[in-house]
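Next up, protein-v8.cif (mmCIF, C-alpha atoms):
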```cif
data_query
#
loop_
_atom_site.label_atom_id
_atom_site.label_comp_id
_atom_site.auth_asym_id
_atom_site.auth_seq_id
_atom_site.Cartn_x
_atom_site.Cartn_y
_atom_site.Cartn_z
CA MET A 1 -14.78 4.17 -10.30
CA ALA A 2 -14.57 0.40 -9.90
CA ALA A 3 -18.05 0.11 -8.38
CA ALA A 4 -19.69 1.06 -11.68
CA GLN A 5 -19.27 -2.27 -13.48
CA PRO A 6 -22.83 -3.33 -14.39
CA GLY A 7 -21.78 -6.52 -16.18
CA LEU A 8 -20.16 -8.15 -13.18
CA PRO A 9 -22.31 -11.06 -11.96
CA TRP A 10 -21.46 -10.62 -8.26
CA LEU A 11 -22.84 -7.06 -8.31
CA THR A 12 -26.22 -8.05 -9.79
CA THR A 13 -29.37 -9.37 -8.13
CA VAL A 14 -29.51 -13.15 -7.80
CA THR A 15 -32.87 -14.70 -8.76
CA PRO A 16 -34.13 -17.99 -7.31
CA ASP A 17 -33.47 -19.76 -10.62
CA GLN A 18 -29.87 -18.53 -10.66
CA GLU A 19 -29.16 -19.29 -7.03
CA SER A 20 -28.25 -22.92 -7.61
CA ALA A 21 -25.79 -22.14 -10.39
CA GLY A 22 -22.30 -21.72 -9.01
CA PRO A 23 -19.53 -19.70 -10.57
CA GLY A 24 -17.61 -21.15 -13.48
CA ARG A 25 -14.08 -20.50 -14.61
CA GLN A 26 -15.13 -17.39 -16.54
CA GLU A 27 -16.72 -15.85 -13.44
CA LEU A 28 -13.66 -16.69 -11.37
CA GLU A 29 -11.45 -14.96 -13.89
CA LEU A 30 -13.71 -11.89 -13.80
CA LEU A 31 -13.38 -11.83 -10.03
CA ARG A 32 -9.59 -12.07 -10.23
CA GLN A 33 -9.48 -9.27 -12.79
CA SER A 34 -11.73 -7.11 -10.65
CA ALA A 35 -9.33 -7.54 -7.72
CA LEU A 36 -6.46 -6.46 -9.97
CA ASN A 37 -8.46 -3.46 -11.19
CA LEU A 38 -9.14 -2.28 -7.65
CA ASP A 39 -5.45 -2.53 -6.79
CA ALA A 40 -4.55 -0.48 -9.88
CA ILE A 41 -7.12 2.20 -9.02
CA ASP A 42 -5.70 2.35 -5.50
CA GLN A 43 -2.21 3.02 -6.84
CA ARG A 44 -3.51 5.89 -8.97
CA TYR A 45 -6.13 7.48 -6.71
CA GLY A 46 -5.70 6.04 -3.22
CA GLY A 47 -7.76 3.57 -1.23
CA ASP A 48 -10.36 5.69 0.58
CA GLN A 49 -13.09 5.31 -2.05
CA LEU A 50 -12.45 1.60 -2.65
CA VAL A 51 -13.36 0.30 0.81
CA ALA A 52 -17.09 -0.07 0.10
CA THR A 53 -16.51 -1.65 -3.32
CA ALA A 54 -14.12 -4.27 -1.96
CA ARG A 55 -16.56 -5.07 0.85
CA ALA A 56 -19.37 -5.59 -1.68
CA HIS A 57 -17.25 -8.06 -3.64
CA LEU A 58 -16.30 -9.92 -0.48
CA MET A 59 -19.90 -10.11 0.67
CA TRP A 60 -20.89 -11.79 -2.58
CA ILE A 61 -17.99 -14.24 -2.48
CA GLY A 62 -18.89 -15.07 1.12
CA GLN A 63 -22.45 -15.89 0.03
CA LEU A 64 -21.10 -18.15 -2.68
CA LEU A 65 -18.81 -19.97 -0.27
CA GLU A 66 -21.63 -20.54 2.21
CA ARG A 67 -23.40 -22.76 -0.35
CA ASP A 68 -20.46 -25.18 -0.20
CA THR A 69 -21.69 -27.19 -3.20
CA TYR A 70 -18.81 -26.69 -5.61
CA PRO A 71 -16.10 -29.03 -6.85
CA ASP A 72 -12.95 -28.82 -4.76
CA GLY A 73 -11.07 -26.80 -7.39
CA ILE A 74 -13.77 -24.12 -7.63
CA ALA A 75 -14.17 -23.85 -3.85
CA ARG A 76 -10.40 -23.59 -3.35
CA ASP A 77 -10.10 -20.88 -6.01
CA LEU A 78 -13.00 -18.97 -4.47
CA ARG A 79 -11.31 -19.05 -1.07
CA GLY A 80 -8.07 -17.84 -2.67
CA ILE A 81 -9.87 -14.98 -4.42
CA ALA A 82 -11.62 -14.12 -1.15
CA GLY A 83 -8.17 -13.90 0.41
CA GLN A 84 -7.00 -11.51 -2.31
CA PHE A 85 -10.01 -9.22 -1.81
CA THR A 86 -9.62 -9.39 1.97
CA ILE A 87 -5.98 -8.34 1.81
CA SER A 88 -6.80 -5.56 -0.66
CA LEU A 89 -9.62 -4.41 1.60
CA GLY A 90 -7.16 -4.37 4.49
CA TRP A 91 -4.83 -2.19 2.42
CA PHE A 92 -7.63 0.19 1.41
CA CYS A 93 -8.60 0.55 5.08
CA TYR A 94 -4.95 1.15 5.94
CA ASP A 95 -4.68 3.86 3.30
CA ALA A 96 -7.93 5.38 4.60
CA ASP A 97 -6.32 5.36 8.08
CA GLN A 98 -8.90 2.92 9.43
CA GLN A 99 -6.19 0.98 11.23
CA GLY A 100 -8.40 -1.26 13.37
CA SER A 101 -10.35 -2.47 10.35
CA ALA A 102 -7.14 -2.91 8.36
CA ARG A 103 -5.65 -5.14 11.04
CA MET A 104 -8.80 -7.26 11.22
CA HIS A 105 -8.89 -7.78 7.45
CA TYR A 106 -5.18 -8.56 7.33
CA ALA A 107 -5.67 -11.26 9.97
CA ASP A 108 -8.60 -12.71 7.98
CA GLY A 109 -6.57 -12.55 4.76
CA LEU A 110 -3.64 -14.35 6.35
CA SER A 111 -5.97 -17.06 7.62
CA ALA A 112 -7.48 -17.45 4.14
CA ALA A 113 -4.04 -17.65 2.52
CA LEU A 114 -2.85 -20.30 4.96
CA SER A 115 -6.07 -22.31 4.56
CA VAL A 116 -5.32 -22.85 0.85
CA ASN A 117 -1.52 -23.08 1.30
CA ASP A 118 -1.04 -19.94 -0.77
CA ASN A 119 2.44 -18.84 0.30
CA PRO A 120 2.63 -15.89 -2.14
CA LEU A 121 -0.62 -14.52 -0.72
CA ALA A 122 0.63 -15.05 2.84
CA THR A 123 3.85 -13.25 1.93
CA ARG A 124 1.85 -10.32 0.60
CA VAL A 125 -0.30 -9.88 3.70
CA LEU A 126 2.62 -10.26 6.12
CA SER A 127 4.50 -7.58 4.17
CA ASN A 128 1.46 -5.31 4.50
CA MET A 129 1.19 -6.08 8.21
CA ALA A 130 4.85 -5.15 8.66
CA LEU A 131 4.24 -1.82 6.93
CA GLN A 132 1.21 -1.08 9.09
CA SER A 133 3.27 -1.77 12.20
CA VAL A 134 5.90 0.69 10.93
CA HIS A 135 3.13 3.25 10.42
CA LEU A 136 2.00 2.67 14.03
CA ASP A 137 5.59 2.97 15.35
CA LYS A 138 5.63 -0.67 16.47
CA GLY A 139 9.13 -1.55 15.38
CA ARG A 140 9.49 -4.97 17.01
CA GLU A 141 6.14 -6.09 15.69
CA ALA A 142 7.08 -4.85 12.21
CA LEU A 143 10.32 -6.80 12.36
CA LYS A 144 8.45 -9.96 13.38
CA PHE A 145 6.03 -9.68 10.45
CA ALA A 146 8.82 -8.90 7.98
CA ARG A 147 10.75 -12.00 9.03
CA LEU A 148 7.65 -14.20 8.94
CA ALA A 149 7.07 -12.91 5.41
CA GLN A 150 10.62 -13.93 4.52
CA VAL A 151 9.92 -17.46 5.80
CA CYS A 152 6.82 -17.64 3.56
CA ALA A 153 8.82 -16.24 0.64
CA ASP A 154 11.37 -19.03 1.04
CA GLU A 155 8.56 -21.60 0.72
CA TRP A 156 7.86 -20.54 -2.87
CA ALA A 157 11.37 -19.41 -3.82
CA ALA A 158 10.12 -15.85 -4.24
CA PRO A 159 11.70 -13.77 -7.04
CA PRO A 160 14.20 -10.98 -6.31
CA ARG A 161 11.62 -8.18 -6.43
CA VAL A 162 9.73 -9.77 -3.53
CA ILE A 163 12.96 -10.40 -1.61
CA ALA A 164 13.82 -6.72 -2.09
CA LEU A 165 10.42 -5.64 -0.75
CA LEU A 166 10.76 -7.78 2.37
CA ALA A 167 14.28 -6.47 3.02
CA VAL A 168 12.85 -2.94 2.78
CA ARG A 169 10.17 -3.86 5.31
CA GLU A 170 12.90 -5.11 7.65
CA ALA A 171 14.88 -1.89 7.12
CA GLN A 172 11.78 0.19 7.91
CA ALA A 173 11.33 -1.75 11.15
CA PHE A 174 14.94 -1.09 12.14
CA ALA A 175 14.45 2.62 11.38
CA VAL A 176 11.51 2.74 13.81
CA LEU A 177 13.70 0.96 16.38
CA GLY A 178 16.45 3.53 15.80
CA ASP A 179 18.97 0.83 14.81
CA GLU A 180 20.93 2.61 12.07
CA PRO A 181 23.56 -0.13 11.43
CA ALA A 182 20.84 -2.78 11.02
CA PHE A 183 18.88 -0.40 8.77
CA GLN A 184 21.95 0.07 6.58
CA ARG A 185 22.50 -3.68 6.25
CA ALA A 186 18.86 -4.36 5.39
CA ILE A 187 18.60 -1.55 2.84
CA ARG A 188 21.78 -2.75 1.14
CA ARG A 189 20.26 -6.24 0.86
CA ALA A 190 17.11 -4.68 -0.57
CA TRP A 191 19.00 -2.81 -3.30
CA THR A 192 21.11 -5.87 -4.12
CA ALA A 193 17.98 -7.95 -4.69
CA PHE A 194 16.21 -5.13 -6.51
CA ASP A 195 19.10 -4.71 -8.94
CA LEU A 196 18.57 -8.30 -10.14
CA ASP A 197 15.59 -6.81 -12.04
CA VAL A 198 12.10 -8.13 -12.80
CA THR A 199 11.20 -11.69 -13.75
CA ASP A 200 8.13 -13.35 -15.22
CA ARG A 201 7.45 -14.78 -11.73
CA ASP A 202 6.93 -11.40 -10.09
CA PRO A 203 3.44 -11.16 -8.52
CA HIS A 204 1.29 -8.20 -9.47
CA TRP A 205 1.39 -6.85 -5.92
CA ALA A 206 5.14 -6.31 -6.13
CA ALA A 207 4.96 -4.29 -9.37
CA PHE A 208 4.77 -0.98 -7.47
CA LEU A 209 8.34 -1.49 -6.24
CA ASN A 210 10.02 0.50 -9.00
CA PRO A 211 13.23 2.55 -8.58
CA ALA A 212 11.25 5.60 -7.46
CA GLU A 213 9.45 3.65 -4.74
CA MET A 214 12.70 2.09 -3.53
CA LYS A 215 14.06 5.61 -3.04
CA THR A 216 10.80 6.70 -1.39
CA LEU A 217 10.94 3.88 1.14
CA GLU A 218 14.63 4.31 1.87
CA GLY A 219 14.11 8.07 2.17
CA ALA A 220 11.26 7.56 4.62
CA GLY A 221 13.49 5.32 6.71
CA ARG A 222 16.28 7.88 6.74
CA LEU A 223 13.75 10.55 7.71
CA THR A 224 12.72 8.36 10.66
CA LEU A 225 16.39 8.03 11.63
CA GLY A 226 16.84 11.81 11.52
CA GLN A 227 19.08 11.79 8.42
CA TYR A 228 17.22 14.74 6.94
CA ALA A 229 19.61 15.84 4.18
CA HIS A 230 19.98 12.28 2.88
CA ALA A 231 16.20 11.82 3.04
CA VAL A 232 15.61 15.05 1.09
CA ARG A 233 17.93 13.93 -1.70
CA LEU A 234 16.34 10.48 -2.06
CA LEU A 235 12.75 11.71 -1.79
CA ALA A 236 13.28 14.50 -4.31
CA GLU A 237 14.63 11.97 -6.83
CA ALA A 238 11.74 9.61 -6.08
CA ALA A 239 9.01 12.23 -6.50
CA GLU A 240 10.51 13.43 -9.76
CA SER A 241 10.60 9.98 -11.36
CA GLN A 242 7.43 8.29 -10.05
CA PRO A 243 5.08 7.43 -12.99
CA LEU A 244 1.54 8.80 -13.13
CA GLU A 245 -0.05 5.41 -12.47
CA TYR A 246 1.52 5.50 -9.00
CA SER A 247 0.30 8.98 -8.12
CA ARG A 248 -0.61 8.04 -4.54
CA ASN A 249 2.98 6.92 -3.96
CA ARG A 250 4.22 10.17 -5.52
CA VAL A 251 2.11 12.12 -3.02
CA MET A 252 3.62 10.06 -0.21
CA ALA A 253 7.12 10.84 -1.51
CA LEU A 254 6.29 14.53 -1.75
CA GLY A 255 4.76 14.58 1.73
CA ASN A 256 7.82 12.91 3.23
CA LEU A 257 10.05 15.23 1.19
CA ALA A 258 8.26 18.27 2.59
CA HIS A 259 8.51 16.89 6.12
CA ALA A 260 12.24 16.17 5.74
CA ALA A 261 12.83 19.59 4.17
CA VAL A 262 11.15 21.37 7.09
CA LYS A 263 13.35 19.39 9.47
CA ALA A 264 16.39 20.41 7.38
CA ASP A 265 15.29 24.09 7.40
CA ASP A 266 14.87 24.02 3.61
CA ILE A 267 11.54 25.82 3.58
CA ASP A 268 11.54 26.67 -0.13
CA ARG A 269 11.85 23.00 -1.02
CA ALA A 270 9.16 22.10 1.51
CA VAL A 271 6.75 24.61 -0.02
CA GLU A 272 7.47 23.28 -3.52
CA ALA A 273 6.87 19.69 -2.41
CA VAL A 274 3.60 20.57 -0.68
CA ALA A 275 2.38 22.43 -3.77
CA GLY A 276 3.15 19.42 -5.97
CA SER A 277 1.33 17.05 -3.66
CA LEU A 278 -1.70 19.35 -3.49
CA ASP A 279 -1.90 19.43 -7.29
CA LEU A 280 -2.48 15.66 -7.16
CA VAL A 281 -4.89 15.82 -4.23
CA GLU A 282 -6.95 18.46 -6.04
CA SER A 283 -7.04 16.26 -9.17
CA GLY A 284 -8.93 13.54 -7.29
CA LEU A 285 -6.47 11.58 -5.17
CA SER A 286 -8.12 10.24 -2.02
CA SER A 287 -5.76 8.84 0.60
CA THR A 288 -6.30 9.81 4.22
CA ARG A 289 -2.86 8.43 5.06
CA ALA A 290 -1.19 10.78 2.57
CA LYS A 291 -3.30 13.70 3.76
CA ARG A 292 -2.34 13.05 7.38
CA ARG A 293 1.30 13.35 6.39
CA LEU A 294 0.53 16.68 4.71
CA ALA A 295 -1.28 17.83 7.85
CA GLU A 296 1.94 17.18 9.81
CA VAL A 297 3.82 19.31 7.28
CA ARG A 298 1.23 22.07 7.66
CA ASP A 299 1.87 22.12 11.39
CA GLY A 300 5.63 22.20 10.77
CA LEU A 301 5.28 25.23 8.51
CA THR A 302 3.38 27.26 11.11
CA PRO A 303 6.46 29.14 12.42
CA TYR A 304 7.23 30.32 8.87
CA ARG A 305 3.84 31.81 7.97
CA ALA A 306 5.30 35.29 7.71
CA SER A 307 6.54 34.18 4.28
CA GLY A 308 4.03 34.81 1.51
CA GLN A 309 4.78 31.45 -0.14
CA VAL A 310 4.30 29.57 3.10
CA ARG A 311 1.07 31.42 3.81
CA GLU A 312 -0.28 30.64 0.33
CA VAL A 313 0.51 26.92 0.48
CA THR A 314 -0.79 26.71 4.06
CA GLU A 315 -4.13 28.12 2.92
CA ARG A 316 -4.27 25.46 0.20
CA LEU A 317 -3.52 22.82 2.81
CA ILE A 318 -6.30 24.08 5.06
CA ALA A 319 -8.71 23.99 2.12
CA ASN A 320 -7.82 20.41 1.14
CA ILE A 321 -6.75 18.68 4.33
CA ALA A 322 -9.31 18.33 7.11
#
```
Encoding of this model in structure tokens:
Amino acid sequence: MAAAQPGLPWLTTVTPDQESAGPGRQELELLRQSALNLDAIDQRYGGDQLVATARAHLMWIGQLLERDTYPDGIARDLRGIAGQFTISLGWFCYDADQQGSARMHYADGLSAALSVNDNPLATRVLSNMALQSVHLDKGREALKFARLAQVCADEWAAPPRVIALLAVREAQAFAVLGDEPAFQRAIRRAWTAFDLDVTDRDPHWAAFLNPAEMKTLEGAGRLTLGQYAHAVRLLAEAAESQPLEYSRNRVMALGNLAHAAVKADDIDRAVEAVAGSLDLVESGLSSTRAKRRLAEVRDGLTPYRASGQVREVTERLIANIA
């Protein structure tokens, strides 16, 4: 995976003669591209196996910054790139269900973003922090982070795709709080912004928010609110249309679909969704967060194990989900 990149200077041994030579623009661009590559691999395969790689990159950048002998522009760019890697590392830890480490890296990433006045980067990490709080059932905290992200977004006149993402984060927070009217208002704002389409100002970290993911996130919120039939419809549409490069998100949609289907007593659909998600897990996807959701579905299917289909898919779950 991403760790096997022998030409990258920050993954090679530094000799005494090289130690005084700081990074140039070409090396900075390689670092930026490596951060983008890790994010793309995460979307396809999940974040579990990227934690160590991101840490190795950050360790090298930290060593470079400790020298503190660069022109202001180089040092500022290095700090900004360190912020990008830190936020990505926080996300990989979040996806690996290492929530304490994720929170620590998010806090460090926010500090780095603010230190270089990078409002887009601050918006990104606050959005991630809101999502983590949703995951941890901390609705008020999630709402706080979502609204702080909106303040940062206003500072750089963020494009509609980012505004849509932050409205979704707010809706997710309201779902955790059980506030259905507020959820409805926020999700309507999200779709209104999303329908304005992409622009050339969209940051790379908002690219995942395609129509399938919008339906996944709304469906997950409706599942939280107990609107199981509505959630099943949205999540089924999302899983069907999610592109291959976002396979981890497709597994999340399928896991939520299976969970909603069990709640709606639609066991055939639940079994089908679990089977589809396991096909992706068995092909190499590594996301503890997604697997934990499937483990919840496995527990929900226990009363139906008299069915041959349920028994078969449960055995596959036991084989693949610790």
*Can you tell me how far CA of Ala75 (chain A) sits from CA of Arg32 (chain A), in Å to one decimal?*
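Separation of CA of Ala75 (chain A) and CA of Arg32 (chain A): 14.2 Å.
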*Reference answer for the PyMOL selection byres ((chain A and resi 196) around 10), as number ranges by chain*: A: 159-161, 164, 191-195, 197-199
*Pull out every residue that the PyMOL selection byres ((chain A and resi 254) around 8) matches in the shown coordinates and put them as JSON, numbers by chain.*
{"A": [235, 236, 239, 250, 251, 252, 253, 255, 256, 257, 258, 273, 274, 276, 277]}
*Take the PyMOL selection byres ((chain A and resi 65) around 10), apply it to the structure above, and return the hits as a list in words.*
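With the shown file as input, the PyMOL selection byres ((chain A and resi 65) around 10) matches Gly22, Met59, Trp60, Ile61, Gly62, Gln63, Leu64, Glu66, Arg67, Asp68, Thr69, Tyr70, Ile74, Ala75, Arg76, Leu78, Arg79 and Ala82 of chain A.
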_Residues within 7 Å of Ala96 (chain A), only C-alpha atoms, excluding chain neighbours under 5 positions, as a PyMOL selection string_ = chain A and resi 47-48+287-289
*Separation of CA of Asn249 (chain A) from CA of Gly308 (chain A), in Å and rounded to one decimal*: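 These two atoms are separated by 28.4 Å.
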_Near-Ala260 (chain A) list (7 Å; only C-alpha atoms; drop same-chain fewer than 2 positions) as a list in words_ = Leu223, Tyr228, Ala231, Val232, Asn256, Leu257, Ala258, Val262, Lys263 and Ala264 of chain A
*Kindly indicate which residue among A:Ser241, A:Thr314, A:Gln84, A:Asn117 lies nearest to Leu301 (chain A), using only C-alpha atoms for the distances.*
A:Thr314
Hey, could you pull the box centre and edge lengths for region 137-153 of chain A, axis-aligned, 8 Å padding per side, all listed atoms, to one decimal in Å, as AutoDock Vina command-line options?
```
--center_x 8.2 --center_y -7.3 --center_z 8.8 --size_x 21.2 --size_y 36.6 --size_z 32.4
```
*Which of these residues is nearest to Glu180 (chain A), using all atoms listed in the file: A:Val162, A:Ile87, A:Leu225, A:Cys152?*
A:Leu225
*Between CA of Arg44 (chain A) and CA of Ile81 (chain A), what is the distance, to one decimal in Å?*
22.3 Å
*Of the candidates A:Gln43, A:Thr86, A:Gln26, A:Gln33, which one gets nearest to Pro243 (chain A) if we count all atoms listed in the file?*
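Comparing A:Gln43, A:Thr86, A:Gln26, A:Gln33 against Pro243 (chain A), the winner is A:Gln43.
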Would you list the residues near (13.8, 7.2, 13.4) (no more than 8 Å away, in the coordinates of the file, using only C-alpha atoms) as a PDB file with C-alpha atoms, keeping the file's coordinate frame?
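Okay, this is what ended up in out.pdb:
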```pdb
ATOM      1  CA  ALA A 175      14.450   2.620  11.380  1.00  0.00           C
ATOM      2  CA  VAL A 176      11.510   2.740  13.810  1.00  0.00           C
ATOM      3  CA  LEU A 177      13.700   0.960  16.380  1.00  0.00           C
ATOM      4  CA  GLY A 178      16.450   3.530  15.800  1.00  0.00           C
ATOM      5  CA  GLY A 221      13.490   5.320   6.710  1.00  0.00           C
ATOM      6  CA  ARG A 222      16.280   7.880   6.740  1.00  0.00           C
ATOM      7  CA  LEU A 223      13.750  10.550   7.710  1.00  0.00           C
ATOM      8  CA  THR A 224      12.720   8.360  10.660  1.00  0.00           C
ATOM      9  CA  LEU A 225      16.390   8.030  11.630  1.00  0.00           C
ATOM     10  CA  GLY A 226      16.840  11.810  11.520  1.00  0.00           C
TER      11      GLY A 226
END
```
*asked:* Ranking A:Val125, A:Asn119, A:Gln172, A:Gly300 by minimum distance to Leu143 (chain A) and counting all atoms listed in the file, which one comes first?
replied: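 Among the listed residues, the smallest separation from Leu143 (chain A) belongs to A:Gln172.
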*Around the point (6.4, 31.9, 1.4), in the coordinates given by the file, pick out the residues reaching within 12 Å, counting all atoms listed in the file, and return them as a ChimeraX atom specification.*
/A:266-272,274-275,301-315
